[in-house]
Amino acid sequence: MSTAKFTNVHLHVFTATCVPKNFLRILPKKTIRKIAPYVLNLLSTWAGRKIIFGLAKLGASKDPIQRKSVDKYISFLNIGFRKTQQEVFELDYAVTRAEDAEARMVALTINMDYMDEEAPPMNYRTQIADVKNIKRYYPTAFYPMYGIDPRHLSGENGLAILKKEMESILVHNDEVLPYFCGLKLYPALGYFPFDQRLQLIYAYAEKNRIPLMSHCTRVGSQYIGATIESLIPEDLSLVYPSPLADATDAATKLKLEGRIKKYYEMGWIKNSKIGDNDYACDLFGHPQNYIPILIRFPKLKICLAHMGGSTEIDAQDSDASVREIRLVADPQLWFDRLVDMMVQYEQLYTDISYTLSAFGEEKSSVLKRTLALMRTKDKNGKELAYRVLFGTDFFMTEQEMREAELIALAKSKLSKETTLEGDNYWVLLTKSNVRDYLGM
Amino acid sequence: MKINSILDICLSLIVVYALFSILVSILNECLSQFYDRRSKLLREAINRIMDDKLNINYAALFFNHFSIQTITRYRYSAGSQVLALFGAKVHPKEKGPQYISSQTFAVVLIDLIIQQQGHQKIGIVEMDAQGFAKLDASGKKIYTLGTAEGSEGLVAHFAKSVAALQPSPFSDLLASFISRAKNDPEKLKNLIADWFDTYMNQVSGWYKQKQRAKLLLLGFIVAIGLNIDSVYLIKVISMDDALRENLVATAVQIEKDTRATNDSIRQSTAAQIRFFQIADSILGSSATVSKDVFQAKGRADSGLPEPMKHLEKIVVHADSSFKKYRSQIEEVLGIAADLSLPVGWSPTTAPLSWTSDTTVHLKQKRFNGSGRLAYEQRRNKGQDPWVYLYYFLGIVITAVSLSFGAPFWFDLLTKFVNIRHAASKPLEVKQTKTN
């Protein structure tokens, strides 16, 4: 095997021009959702940003969870309003290089063209073209993943477009470097990961050993358009892949259908002109949605990022809405579900990105539970620590903690721990596991 | 009234409008620079032609291109500099280019298309017997390299890149350039540059249209700010022979100077101010005349009425900084004062006199006669509703007139001076015959 290099497997470089004009509808505030494009316009100016940040902090000062959420978006906006994706990348690269001069950074592109009715000023193709330029300038440091969405890439045509992108390469010092090192999913933007339109792509990825990375938390970006009902059919057969003669598959389909039905009954799936789709979008990113893929493509490496998110690791961290969902339709924490799935499916990975910012919080059980996950053995008796990856989720985490602090925190907490075989957690997560996952 | 008198009144009024239109132009320029209007319009215009919805938004890549980035300016605003004094973290504000030459546009466009489509090599992963990607001893995938890009010329390379795009109106346009270029890279560049130039001419038309409403608003600000009532001006000019003669002489002198200059110089605000100053200095010494103008005057006296080269030097650096705008405004106001124009605010003149206690005696008096003094007294007394209406009308006429812009009034001035010349020649001939 090749020498493993320090790799941050989860970061973002997109800028405000890559997001639709109503992007701020991802904020859980109805008033902001109504005036989202105007707020975004105001935020595009330095003075406007200062005023809005001040007001947002003041408004959320009484509620720590809300404040955390506001801070996250402020941090996102502050960096997101940088001029180019290259600038955003260089910000993080400067920090990560200090940790390891040969560091590799996996940037996750996200197709936001279908997040709303109107595409962003810099459409996804342009985002990709821009990202390719960064790859040309930083061939051994920058490793982007190609974002897929069944509304963009579907069936044979979609596969043909994707193949062209995945086969495009650079040759640097006689080394062949593909422009894209994996595929990125962001289901909360309005599709189910098991969507039948993506099956050909998954088959191609499996054969070509292209790993898949998917966002897996309740909160984050989401579909903000007005027709959520059209994206979640009550009859799941419309989007579910052809059934297999497999009991787990059949049972999974039933469970998913049951959950969707419950959501409709509760009125959580309802078309909203202002993109009030918070509850409904959780359905897209649910960890159980990956079981049909894991069954159908047993060699396809999938990483469910963020371990389900801190609200799904530590139940105390959840707000009222999540507690309500848990009570009515989804009792198991996503983290626990993910551990169960990782035990069962050996191609399933997770990463500690974003969630690692809670490692230093005394009252939080996130670190304790993460270490417990890593010590858990899979069905073959191998510790799950061999399938956990290091990522930071730059630049979402900026307000939680600076990138250098995050790396230092993770290092201090993980370098003390080893597997039963004596492998250091820090080395595993940042180097060996990433090499196994990416195949490079 | 004789035709010449009517022409003189018109000419005098044109001189006044031309002078204050310069003020409107300066304010407009100043605001355009402050709000970065030109670069924003340029960005919008380029976005309109380069956002290929079926392919890539090349405009976004265009402004990130190194050639364009190098002409993008970054500066700290006055506000952020003050905030920085109090320890605030401030960032320089990006000021995009206000102008991009058509040749630069063509080069960057060709580069972008080739870069996105033509620089990519293909690597196909080798498969093992089970149909999965084959790995080497180090665990890396093995690639078979596709055909490397050829060493074809620029046009062929560009054509190949355009052919790789999804058909769209934009790619069709690029394809038409390729077919017309006939494998000549220079011709290809020129075709793209010509297209860009034609388009930018249209854009400057839109810009002027967009400016119209702003100029009207500024016209009102100047008309009210300096209390320029056109009805009053016409009356005073028609009644005050000395004022009229001075304004007509200024107009004649300006026409003489502008005749000798080219269009681009004539359009410049700095040059327009200089025309007034030269006329002012020739017709009577004034405090506003700078050393530069005296030099220009010297040339005029020595039989060189056109201070062309001198003006060119001034114009090059004149229209670009806020300090200059301030000094230009002072110069225009200085010229207005030298010409003794009946404008400005005073408690003894309308409209302040209508409410002022200091003119209470006016309200008790009755005025007769038709001289300037009697007219002004009637106007300043303000007890006749028509006076208010005329004042309002006068301000509106001024605002609308100033919004036409200084170039319009300078052109009109030239035409009227010529008409006046033509009208006075038969009179001279008639007088000679009589003698």
# chains A, B, ... in the order shown; residues from 1 in each chain; ligands from 1
>>> residues_around(residues="Ile49 in chain B", least_positions_apart="3", cutoff="8 Å", atoms="only C-alpha atoms", output="ChimeraX atom specification")
/B:45-46,52,59,170
>>> select_by_dssp(residues="range 79-221 of chain A", states="alpha helix (DSSP H)", output="MDAnalysis selection string")
chainID A and resid 79:80 85:99 124:137 155:166 199:207
>>> write_last_selection(atoms="N, CA and C atoms", output="short mmCIF file (atom, residue, chain, number, x, y, z; two decimals), in the first residue's frame")
data_model
loop_
_atom_site.label_atom_id
_atom_site.label_comp_id
_atom_site.auth_asym_id
_atom_site.auth_seq_id
_atom_site.Cartn_x
_atom_site.Cartn_y
_atom_site.Cartn_z
N ILE A 79 -17.31 33.58 5.27
CA ILE A 79 -16.34 32.99 4.33
C ILE A 79 -16.98 32.82 2.96
N GLY A 80 -18.27 32.49 2.97
CA GLY A 80 -18.97 32.28 1.71
C GLY A 80 -18.99 33.53 0.83
N GLN A 85 -13.89 30.49 -5.06
CA GLN A 85 -13.75 29.21 -4.34
C GLN A 85 -12.29 28.95 -4.01
N GLN A 86 -11.43 29.41 -4.90
CA GLN A 86 -10.00 29.21 -4.67
C GLN A 86 -9.55 29.93 -3.39
N GLU A 87 -10.08 31.15 -3.19
CA GLU A 87 -9.73 31.91 -1.98
C GLU A 87 -10.16 31.14 -0.74
N VAL A 88 -11.37 30.56 -0.79
CA VAL A 88 -11.88 29.81 0.36
C VAL A 88 -10.98 28.61 0.63
N PHE A 89 -10.62 27.93 -0.44
CA PHE A 89 -9.74 26.76 -0.28
C PHE A 89 -8.40 27.18 0.33
N GLU A 90 -7.85 28.25 -0.19
CA GLU A 90 -6.52 28.69 0.27
C GLU A 90 -6.52 29.06 1.75
N LEU A 91 -7.68 29.57 2.21
CA LEU A 91 -7.79 29.90 3.65
C LEU A 91 -7.56 28.65 4.49
N ASP A 92 -8.24 27.57 4.11
CA ASP A 92 -8.13 26.34 4.87
C ASP A 92 -6.79 25.65 4.64
N TYR A 93 -6.32 25.74 3.42
CA TYR A 93 -5.06 25.07 3.08
C TYR A 93 -3.90 25.64 3.89
N ALA A 94 -3.93 26.96 4.07
CA ALA A 94 -2.86 27.62 4.84
C ALA A 94 -2.80 27.05 6.26
N VAL A 95 -3.98 26.76 6.82
CA VAL A 95 -4.03 26.22 8.19
C VAL A 95 -3.61 24.74 8.20
N THR A 96 -4.15 23.98 7.28
CA THR A 96 -3.90 22.54 7.28
C THR A 96 -2.45 22.21 6.94
N ARG A 97 -1.85 23.03 6.10
CA ARG A 97 -0.43 22.81 5.75
C ARG A 97 0.47 22.88 6.97
N ALA A 98 0.03 23.68 7.94
CA ALA A 98 0.83 23.80 9.16
C ALA A 98 0.85 22.47 9.91
N GLU A 99 -0.21 21.69 9.75
CA GLU A 99 -0.26 20.37 10.39
C GLU A 99 0.59 19.36 9.62
N TYR A 124 -24.29 24.90 -11.28
CA TYR A 124 -23.41 23.82 -10.83
C TYR A 124 -22.28 23.54 -11.81
N ARG A 125 -22.57 23.60 -13.09
CA ARG A 125 -21.52 23.35 -14.08
C ARG A 125 -20.39 24.36 -13.92
N THR A 126 -20.76 25.60 -13.62
CA THR A 126 -19.74 26.64 -13.46
C THR A 126 -18.95 26.39 -12.18
N GLN A 127 -19.66 25.98 -11.14
CA GLN A 127 -18.99 25.66 -9.88
C GLN A 127 -17.93 24.58 -10.12
N ILE A 128 -18.33 23.58 -10.91
CA ILE A 128 -17.43 22.47 -11.22
C ILE A 128 -16.23 22.95 -12.05
N ALA A 129 -16.52 23.80 -13.06
CA ALA A 129 -15.43 24.32 -13.90
C ALA A 129 -14.42 25.11 -13.05
N ASP A 130 -14.95 25.85 -12.10
CA ASP A 130 -14.10 26.65 -11.21
C ASP A 130 -13.27 25.74 -10.29
N VAL A 131 -13.93 24.70 -9.80
CA VAL A 131 -13.25 23.74 -8.91
C VAL A 131 -12.12 23.02 -9.66
N LYS A 132 -12.36 22.74 -10.92
CA LYS A 132 -11.32 22.06 -11.72
C LYS A 132 -10.09 22.95 -11.85
N ASN A 133 -10.30 24.24 -11.92
CA ASN A 133 -9.16 25.15 -11.98
C ASN A 133 -8.32 25.05 -10.70
N ILE A 134 -9.02 24.95 -9.56
CA ILE A 134 -8.27 24.83 -8.29
C ILE A 134 -7.45 23.54 -8.31
N LYS A 135 -8.07 22.49 -8.84
CA LYS A 135 -7.36 21.20 -8.92
C LYS A 135 -6.10 21.34 -9.78
N ARG A 136 -6.22 22.13 -10.86
CA ARG A 136 -5.05 22.31 -11.73
C ARG A 136 -3.94 23.06 -10.99
N TYR A 137 -4.35 24.02 -10.14
CA TYR A 137 -3.34 24.82 -9.44
C TYR A 137 -2.77 24.08 -8.22
N GLY A 155 -30.12 8.24 -15.10
CA GLY A 155 -30.07 7.19 -16.11
C GLY A 155 -28.82 7.23 -16.98
N GLU A 156 -28.97 6.75 -18.22
CA GLU A 156 -27.83 6.62 -19.14
C GLU A 156 -27.18 7.97 -19.45
N ASN A 157 -28.03 8.97 -19.71
CA ASN A 157 -27.48 10.30 -20.04
C ASN A 157 -26.68 10.87 -18.89
N GLY A 158 -27.25 10.74 -17.72
CA GLY A 158 -26.58 11.24 -16.52
C GLY A 158 -25.26 10.54 -16.31
N LEU A 159 -25.28 9.23 -16.53
CA LEU A 159 -24.05 8.45 -16.36
C LEU A 159 -22.99 8.89 -17.36
N ALA A 160 -23.42 9.18 -18.59
CA ALA A 160 -22.46 9.61 -19.62
C ALA A 160 -21.79 10.93 -19.21
N ILE A 161 -22.59 11.86 -18.68
CA ILE A 161 -22.02 13.14 -18.23
C ILE A 161 -21.04 12.89 -17.09
N LEU A 162 -21.48 12.06 -16.16
CA LEU A 162 -20.64 11.80 -14.99
C LEU A 162 -19.33 11.11 -15.38
N LYS A 163 -19.45 10.14 -16.29
CA LYS A 163 -18.24 9.39 -16.71
C LYS A 163 -17.20 10.36 -17.28
N LYS A 164 -17.69 11.30 -18.09
CA LYS A 164 -16.78 12.27 -18.70
C LYS A 164 -16.03 13.05 -17.63
N GLU A 165 -16.74 13.41 -16.58
CA GLU A 165 -16.11 14.17 -15.50
C GLU A 165 -15.15 13.29 -14.69
N MET A 166 -15.59 12.08 -14.41
CA MET A 166 -14.77 11.21 -13.55
C MET A 166 -13.53 10.68 -14.28
N GLN A 199 -29.30 4.64 -9.70
CA GLN A 199 -28.78 3.26 -9.61
C GLN A 199 -27.62 2.99 -10.58
N LEU A 200 -27.73 3.50 -11.79
CA LEU A 200 -26.65 3.27 -12.77
C LEU A 200 -25.35 3.94 -12.30
N ILE A 201 -25.50 5.10 -11.70
CA ILE A 201 -24.32 5.83 -11.21
C ILE A 201 -23.66 5.04 -10.07
N TYR A 202 -24.49 4.50 -9.17
CA TYR A 202 -23.93 3.72 -8.07
C TYR A 202 -23.19 2.48 -8.60
N ALA A 203 -23.79 1.86 -9.62
CA ALA A 203 -23.15 0.67 -10.20
C ALA A 203 -21.79 1.05 -10.80
N TYR A 204 -21.76 2.18 -11.48
CA TYR A 204 -20.51 2.67 -12.08
C TYR A 204 -19.48 2.98 -10.99
N ALA A 205 -19.95 3.64 -9.94
CA ALA A 205 -19.04 4.01 -8.84
C ALA A 205 -18.48 2.76 -8.16
N GLU A 206 -19.33 1.78 -7.99
CA GLU A 206 -18.87 0.55 -7.33
C GLU A 206 -17.79 -0.14 -8.16
N LYS A 207 -18.06 -0.26 -9.47
CA LYS A 207 -17.10 -0.93 -10.36
C LYS A 207 -15.78 -0.17 -10.43
#
>>> interface_residues(of="chain B", to="chain A", cutoff="10 Å", atoms="only C-alpha atoms", output="NGL selection string")
:B and (47 or 51-61 or 63-64 or 79-80 or 90-94 or 112 or 115-117 or 119-128 or 130-146)
>>> atom_distance(atom1="CA of Tyr425 in chain A", atom2="CA of Cys181 in chain A")
23.6 Å
>>> closest_residue(among="A:Leu304, A:Cys281, A:Leu238, A:Val39", to="Ile224 in chain A", atoms="only C-alpha atoms")
A:Cys281
>>> atom_distance(atom1="CA of Leu55 in chain A", atom2="CA of Leu43 in chain A")
12.4 Å
>>> residues_around(residues="Thr258 in chain B", least_positions_apart="2", cutoff="9 Å", atoms="only C-alpha atoms", output="list in words")
Gln253, Ile254, Glu255, Lys256, Ala260, Thr261, Asn262, Asp263, Ile265, Arg266, Gln272, Phe275, Glu306, Phe410 and Thr414 of chain B
>>> write_last_selection(atoms="N, CA and C atoms", output="compact mmCIF listing (two decimals), in the first residue's frame")
# COMPACT_ATOMS: atom_id res chain seq x y z
N GLN B 253 -17.03 83.17 -27.33
CA GLN B 253 -15.65 82.73 -27.04
C GLN B 253 -15.57 81.21 -26.86
N ILE B 254 -16.58 80.67 -26.17
CA ILE B 254 -16.61 79.21 -25.96
C ILE B 254 -16.73 78.50 -27.31
N GLU B 255 -17.59 79.02 -28.15
CA GLU B 255 -17.79 78.40 -29.48
C GLU B 255 -16.47 78.38 -30.25
N LYS B 256 -15.74 79.49 -30.12
CA LYS B 256 -14.45 79.63 -30.82
C LYS B 256 -13.47 78.54 -30.34
N ALA B 260 -12.22 74.28 -32.17
CA ALA B 260 -10.87 73.79 -32.43
C ALA B 260 -10.55 72.47 -31.72
N THR B 261 -11.50 71.98 -30.94
CA THR B 261 -11.20 70.74 -30.19
C THR B 261 -11.98 69.57 -30.76
N ASN B 262 -11.48 68.38 -30.45
CA ASN B 262 -12.21 67.21 -30.95
C ASN B 262 -13.31 66.81 -29.97
N ASP B 263 -14.14 65.87 -30.42
CA ASP B 263 -15.33 65.48 -29.66
C ASP B 263 -15.03 64.96 -28.27
N ILE B 265 -12.54 65.47 -26.30
CA ILE B 265 -12.10 66.54 -25.39
C ILE B 265 -13.32 67.36 -24.96
N ARG B 266 -14.18 67.64 -25.93
CA ARG B 266 -15.34 68.49 -25.68
C ARG B 266 -16.30 67.85 -24.67
N GLN B 272 -14.78 71.26 -20.32
CA GLN B 272 -15.92 72.19 -20.37
C GLN B 272 -15.73 73.34 -19.38
N PHE B 275 -13.22 75.72 -20.81
CA PHE B 275 -13.77 76.61 -21.85
C PHE B 275 -14.37 77.86 -21.20
N GLU B 306 -7.02 77.68 -30.07
CA GLU B 306 -7.37 76.36 -29.53
C GLU B 306 -6.29 75.84 -28.57
N PHE B 410 -23.63 72.41 -24.92
CA PHE B 410 -22.46 72.91 -25.68
C PHE B 410 -22.73 72.80 -27.19
N THR B 414 -23.06 75.99 -29.83
CA THR B 414 -22.34 76.12 -31.10
C THR B 414 -23.31 76.46 -32.23
>>> residues_around(residues="Tyr207 in chain B", least_positions_apart="2", cutoff="12 Å", atoms="only C-alpha atoms", output="short mmCIF file (atom, residue, chain, number, x, y, z; two decimals) with N, CA and C atoms, in the first residue's frame")
data_model
loop_
_atom_site.label_atom_id
_atom_site.label_comp_id
_atom_site.auth_asym_id
_atom_site.auth_seq_id
_atom_site.Cartn_x
_atom_site.Cartn_y
_atom_site.Cartn_z
N SER B 32 -21.42 58.20 -9.29
CA SER B 32 -21.11 56.97 -10.04
C SER B 32 -19.86 56.32 -9.50
N ARG B 37 -20.77 52.52 -10.06
CA ARG B 37 -21.83 52.17 -11.02
C ARG B 37 -21.29 51.60 -12.32
N ARG B 38 -20.17 52.16 -12.78
CA ARG B 38 -19.66 51.72 -14.09
C ARG B 38 -19.22 50.27 -14.05
N SER B 39 -18.46 49.92 -12.98
CA SER B 39 -17.97 48.54 -12.95
C SER B 39 -19.12 47.57 -12.73
N LYS B 40 -20.14 48.02 -11.99
CA LYS B 40 -21.29 47.14 -11.77
C LYS B 40 -22.02 46.90 -13.08
N LEU B 41 -22.16 47.96 -13.87
CA LEU B 41 -22.83 47.82 -15.16
C LEU B 41 -22.02 46.92 -16.09
N LEU B 42 -20.70 47.09 -16.04
CA LEU B 42 -19.84 46.26 -16.89
C LEU B 42 -20.01 44.79 -16.52
N GLU B 44 -22.60 43.42 -15.06
CA GLU B 44 -23.95 43.00 -15.45
C GLU B 44 -23.99 42.73 -16.97
N ALA B 45 -23.34 43.62 -17.72
CA ALA B 45 -23.35 43.49 -19.18
C ALA B 45 -22.61 42.22 -19.61
N MET B 200 -20.72 46.67 -26.40
CA MET B 200 -20.46 47.69 -25.38
C MET B 200 -21.01 49.06 -25.79
N ASN B 201 -21.09 49.30 -27.10
CA ASN B 201 -21.72 50.54 -27.54
C ASN B 201 -23.19 50.56 -27.13
N GLN B 202 -23.82 49.40 -27.28
CA GLN B 202 -25.21 49.26 -26.83
C GLN B 202 -25.29 49.49 -25.33
N VAL B 203 -24.33 48.90 -24.62
CA VAL B 203 -24.33 49.00 -23.16
C VAL B 203 -24.21 50.47 -22.73
N SER B 204 -23.36 51.23 -23.44
CA SER B 204 -23.23 52.63 -23.03
C SER B 204 -24.54 53.38 -23.29
N GLY B 205 -25.32 52.92 -24.28
CA GLY B 205 -26.66 53.47 -24.49
C GLY B 205 -27.56 53.20 -23.30
N GLN B 209 -29.31 55.75 -20.61
CA GLN B 209 -30.74 55.69 -20.29
C GLN B 209 -30.95 55.60 -18.78
N LYS B 210 -30.12 54.75 -18.17
CA LYS B 210 -30.22 54.58 -16.72
C LYS B 210 -29.90 55.87 -15.99
N GLN B 211 -29.01 56.67 -16.61
CA GLN B 211 -28.57 57.91 -15.98
C GLN B 211 -29.65 58.99 -16.03
N ARG B 212 -30.58 58.87 -16.98
CA ARG B 212 -31.54 59.95 -17.21
C ARG B 212 -32.29 60.35 -15.94
N ALA B 213 -32.87 59.35 -15.27
CA ALA B 213 -33.65 59.64 -14.06
C ALA B 213 -32.74 60.26 -13.00
N LYS B 214 -31.51 59.73 -12.91
CA LYS B 214 -30.57 60.25 -11.90
C LYS B 214 -30.21 61.70 -12.21
N LEU B 215 -30.02 61.98 -13.51
CA LEU B 215 -29.66 63.35 -13.90
C LEU B 215 -30.82 64.32 -13.61
#
>>> closest_residue(among="B:Glu245, B:Glu152, B:Asp194, B:Asp36", to="Ser12 in chain B", atoms="only C-alpha atoms")
B:Glu245
>>> decode(residues="range 120-148 of chain B", atoms="N, CA and C atoms", output="PDB file, in the first residue's frame")
ATOM      1  N   GLN B 120      -8.228  19.067 -20.909  1.00  0.00           N
ATOM      2  CA  GLN B 120      -8.457  17.876 -20.094  1.00  0.00           C
ATOM      3  C   GLN B 120      -8.006  16.597 -20.778  1.00  0.00           C
ATOM      4  N   LYS B 121      -7.232  15.859 -20.022  1.00  0.00           N
ATOM      5  CA  LYS B 121      -6.812  14.549 -20.525  1.00  0.00           C
ATOM      6  C   LYS B 121      -7.814  13.531 -19.999  1.00  0.00           C
ATOM      7  N   ILE B 122      -7.900  12.429 -20.710  1.00  0.00           N
ATOM      8  CA  ILE B 122      -8.824  11.382 -20.294  1.00  0.00           C
ATOM      9  C   ILE B 122      -8.030  10.197 -19.755  1.00  0.00           C
ATOM     10  N   GLY B 123      -8.452   9.689 -18.620  1.00  0.00           N
ATOM     11  CA  GLY B 123      -7.832   8.499 -18.045  1.00  0.00           C
ATOM     12  C   GLY B 123      -8.912   7.474 -17.755  1.00  0.00           C
ATOM     13  N   ILE B 124      -8.833   6.332 -18.420  1.00  0.00           N
ATOM     14  CA  ILE B 124      -9.867   5.306 -18.205  1.00  0.00           C
ATOM     15  C   ILE B 124      -9.306   4.227 -17.291  1.00  0.00           C
ATOM     16  N   VAL B 125     -10.087   3.925 -16.255  1.00  0.00           N
ATOM     17  CA  VAL B 125      -9.623   2.963 -15.248  1.00  0.00           C
ATOM     18  C   VAL B 125      -9.606   1.553 -15.848  1.00  0.00           C
ATOM     19  N   GLU B 126      -8.495   0.860 -15.625  1.00  0.00           N
ATOM     20  CA  GLU B 126      -8.412  -0.527 -16.122  1.00  0.00           C
ATOM     21  C   GLU B 126      -9.206  -1.439 -15.197  1.00  0.00           C
ATOM     22  N   MET B 127      -9.882  -2.438 -15.790  1.00  0.00           N
ATOM     23  CA  MET B 127     -10.743  -3.322 -15.000  1.00  0.00           C
ATOM     24  C   MET B 127     -10.114  -4.708 -14.823  1.00  0.00           C
ATOM     25  N   ASP B 128     -10.411  -5.329 -13.675  1.00  0.00           N
ATOM     26  CA  ASP B 128      -9.912  -6.687 -13.459  1.00  0.00           C
ATOM     27  C   ASP B 128     -10.930  -7.701 -14.026  1.00  0.00           C
ATOM     28  N   ALA B 129     -10.653  -8.986 -13.810  1.00  0.00           N
ATOM     29  CA  ALA B 129     -11.507 -10.029 -14.384  1.00  0.00           C
ATOM     30  C   ALA B 129     -12.941  -9.961 -13.846  1.00  0.00           C
ATOM     31  N   GLN B 130     -13.092  -9.462 -12.594  1.00  0.00           N
ATOM     32  CA  GLN B 130     -14.446  -9.387 -12.006  1.00  0.00           C
ATOM     33  C   GLN B 130     -15.194  -8.122 -12.433  1.00  0.00           C
ATOM     34  N   GLY B 131     -14.521  -7.302 -13.225  1.00  0.00           N
ATOM     35  CA  GLY B 131     -15.173  -6.067 -13.687  1.00  0.00           C
ATOM     36  C   GLY B 131     -15.031  -4.915 -12.720  1.00  0.00           C
ATOM     37  N   PHE B 132     -14.105  -5.019 -11.776  1.00  0.00           N
ATOM     38  CA  PHE B 132     -13.854  -3.912 -10.853  1.00  0.00           C
ATOM     39  C   PHE B 132     -12.526  -3.244 -11.205  1.00  0.00           C
ATOM     40  N   ALA B 133     -12.363  -2.003 -10.754  1.00  0.00           N
ATOM     41  CA  ALA B 133     -11.138  -1.261 -11.068  1.00  0.00           C
ATOM     42  C   ALA B 133      -9.904  -2.021 -10.563  1.00  0.00           C
ATOM     43  N   LYS B 134      -8.929  -2.150 -11.449  1.00  0.00           N
ATOM     44  CA  LYS B 134      -7.700  -2.876 -11.109  1.00  0.00           C
ATOM     45  C   LYS B 134      -6.811  -1.972 -10.262  1.00  0.00           C
ATOM     46  N   LEU B 135      -6.184  -2.541  -9.233  1.00  0.00           N
ATOM     47  CA  LEU B 135      -5.316  -1.746  -8.364  1.00  0.00           C
ATOM     48  C   LEU B 135      -3.874  -2.201  -8.526  1.00  0.00           C
ATOM     49  N   ASP B 136      -2.946  -1.248  -8.381  1.00  0.00           N
ATOM     50  CA  ASP B 136      -1.533  -1.643  -8.437  1.00  0.00           C
ATOM     51  C   ASP B 136      -1.072  -2.062  -7.047  1.00  0.00           C
ATOM     52  N   ALA B 137       0.222  -2.342  -6.909  1.00  0.00           N
ATOM     53  CA  ALA B 137       0.742  -2.854  -5.641  1.00  0.00           C
ATOM     54  C   ALA B 137       0.539  -1.866  -4.490  1.00  0.00           C
ATOM     55  N   SER B 138       0.508  -0.580  -4.825  1.00  0.00           N
ATOM     56  CA  SER B 138       0.317   0.424  -3.761  1.00  0.00           C
ATOM     57  C   SER B 138      -1.155   0.708  -3.483  1.00  0.00           C
ATOM     58  N   GLY B 139      -2.041  -0.042  -4.138  1.00  0.00           N
ATOM     59  CA  GLY B 139      -3.471   0.124  -3.882  1.00  0.00           C
ATOM     60  C   GLY B 139      -4.115   1.214  -4.709  1.00  0.00           C
ATOM     61  N   LYS B 140      -3.384   1.725  -5.695  1.00  0.00           N
ATOM     62  CA  LYS B 140      -3.951   2.797  -6.523  1.00  0.00           C
ATOM     63  C   LYS B 140      -4.536   2.234  -7.812  1.00  0.00           C
ATOM     64  N   LYS B 141      -5.512   2.951  -8.327  1.00  0.00           N
ATOM     65  CA  LYS B 141      -6.143   2.506  -9.569  1.00  0.00           C
ATOM     66  C   LYS B 141      -5.169   2.678 -10.741  1.00  0.00           C
ATOM     67  N   ILE B 142      -5.296   1.802 -11.724  1.00  0.00           N
ATOM     68  CA  ILE B 142      -4.426   1.901 -12.911  1.00  0.00           C
ATOM     69  C   ILE B 142      -5.232   2.524 -14.048  1.00  0.00           C
ATOM     70  N   TYR B 143      -4.652   3.529 -14.668  1.00  0.00           N
ATOM     71  CA  TYR B 143      -5.368   4.262 -15.723  1.00  0.00           C
ATOM     72  C   TYR B 143      -4.734   4.006 -17.093  1.00  0.00           C
ATOM     73  N   THR B 144      -5.586   3.933 -18.092  1.00  0.00           N
ATOM     74  CA  THR B 144      -5.106   3.959 -19.469  1.00  0.00           C
ATOM     75  C   THR B 144      -5.370   5.375 -19.961  1.00  0.00           C
ATOM     76  N   LEU B 145      -4.299   6.027 -20.400  1.00  0.00           N
ATOM     77  CA  LEU B 145      -4.472   7.419 -20.808  1.00  0.00           C
ATOM     78  C   LEU B 145      -5.107   7.518 -22.190  1.00  0.00           C
ATOM     79  N   GLY B 146      -6.061   8.441 -22.320  1.00  0.00           N
ATOM     80  CA  GLY B 146      -6.712   8.683 -23.600  1.00  0.00           C
ATOM     81  C   GLY B 146      -5.774   9.462 -24.513  1.00  0.00           C
ATOM     82  N   THR B 147      -6.269   9.790 -25.695  1.00  0.00           N
ATOM     83  CA  THR B 147      -5.437  10.523 -26.648  1.00  0.00           C
ATOM     84  C   THR B 147      -5.060  11.879 -26.062  1.00  0.00           C
ATOM     85  N   ALA B 148      -3.767  12.155 -26.080  1.00  0.00           N
ATOM     86  CA  ALA B 148      -3.309  13.442 -25.556  1.00  0.00           C
ATOM     87  C   ALA B 148      -3.695  14.544 -26.524  1.00  0.00           C
TER      88      ALA B 148
END
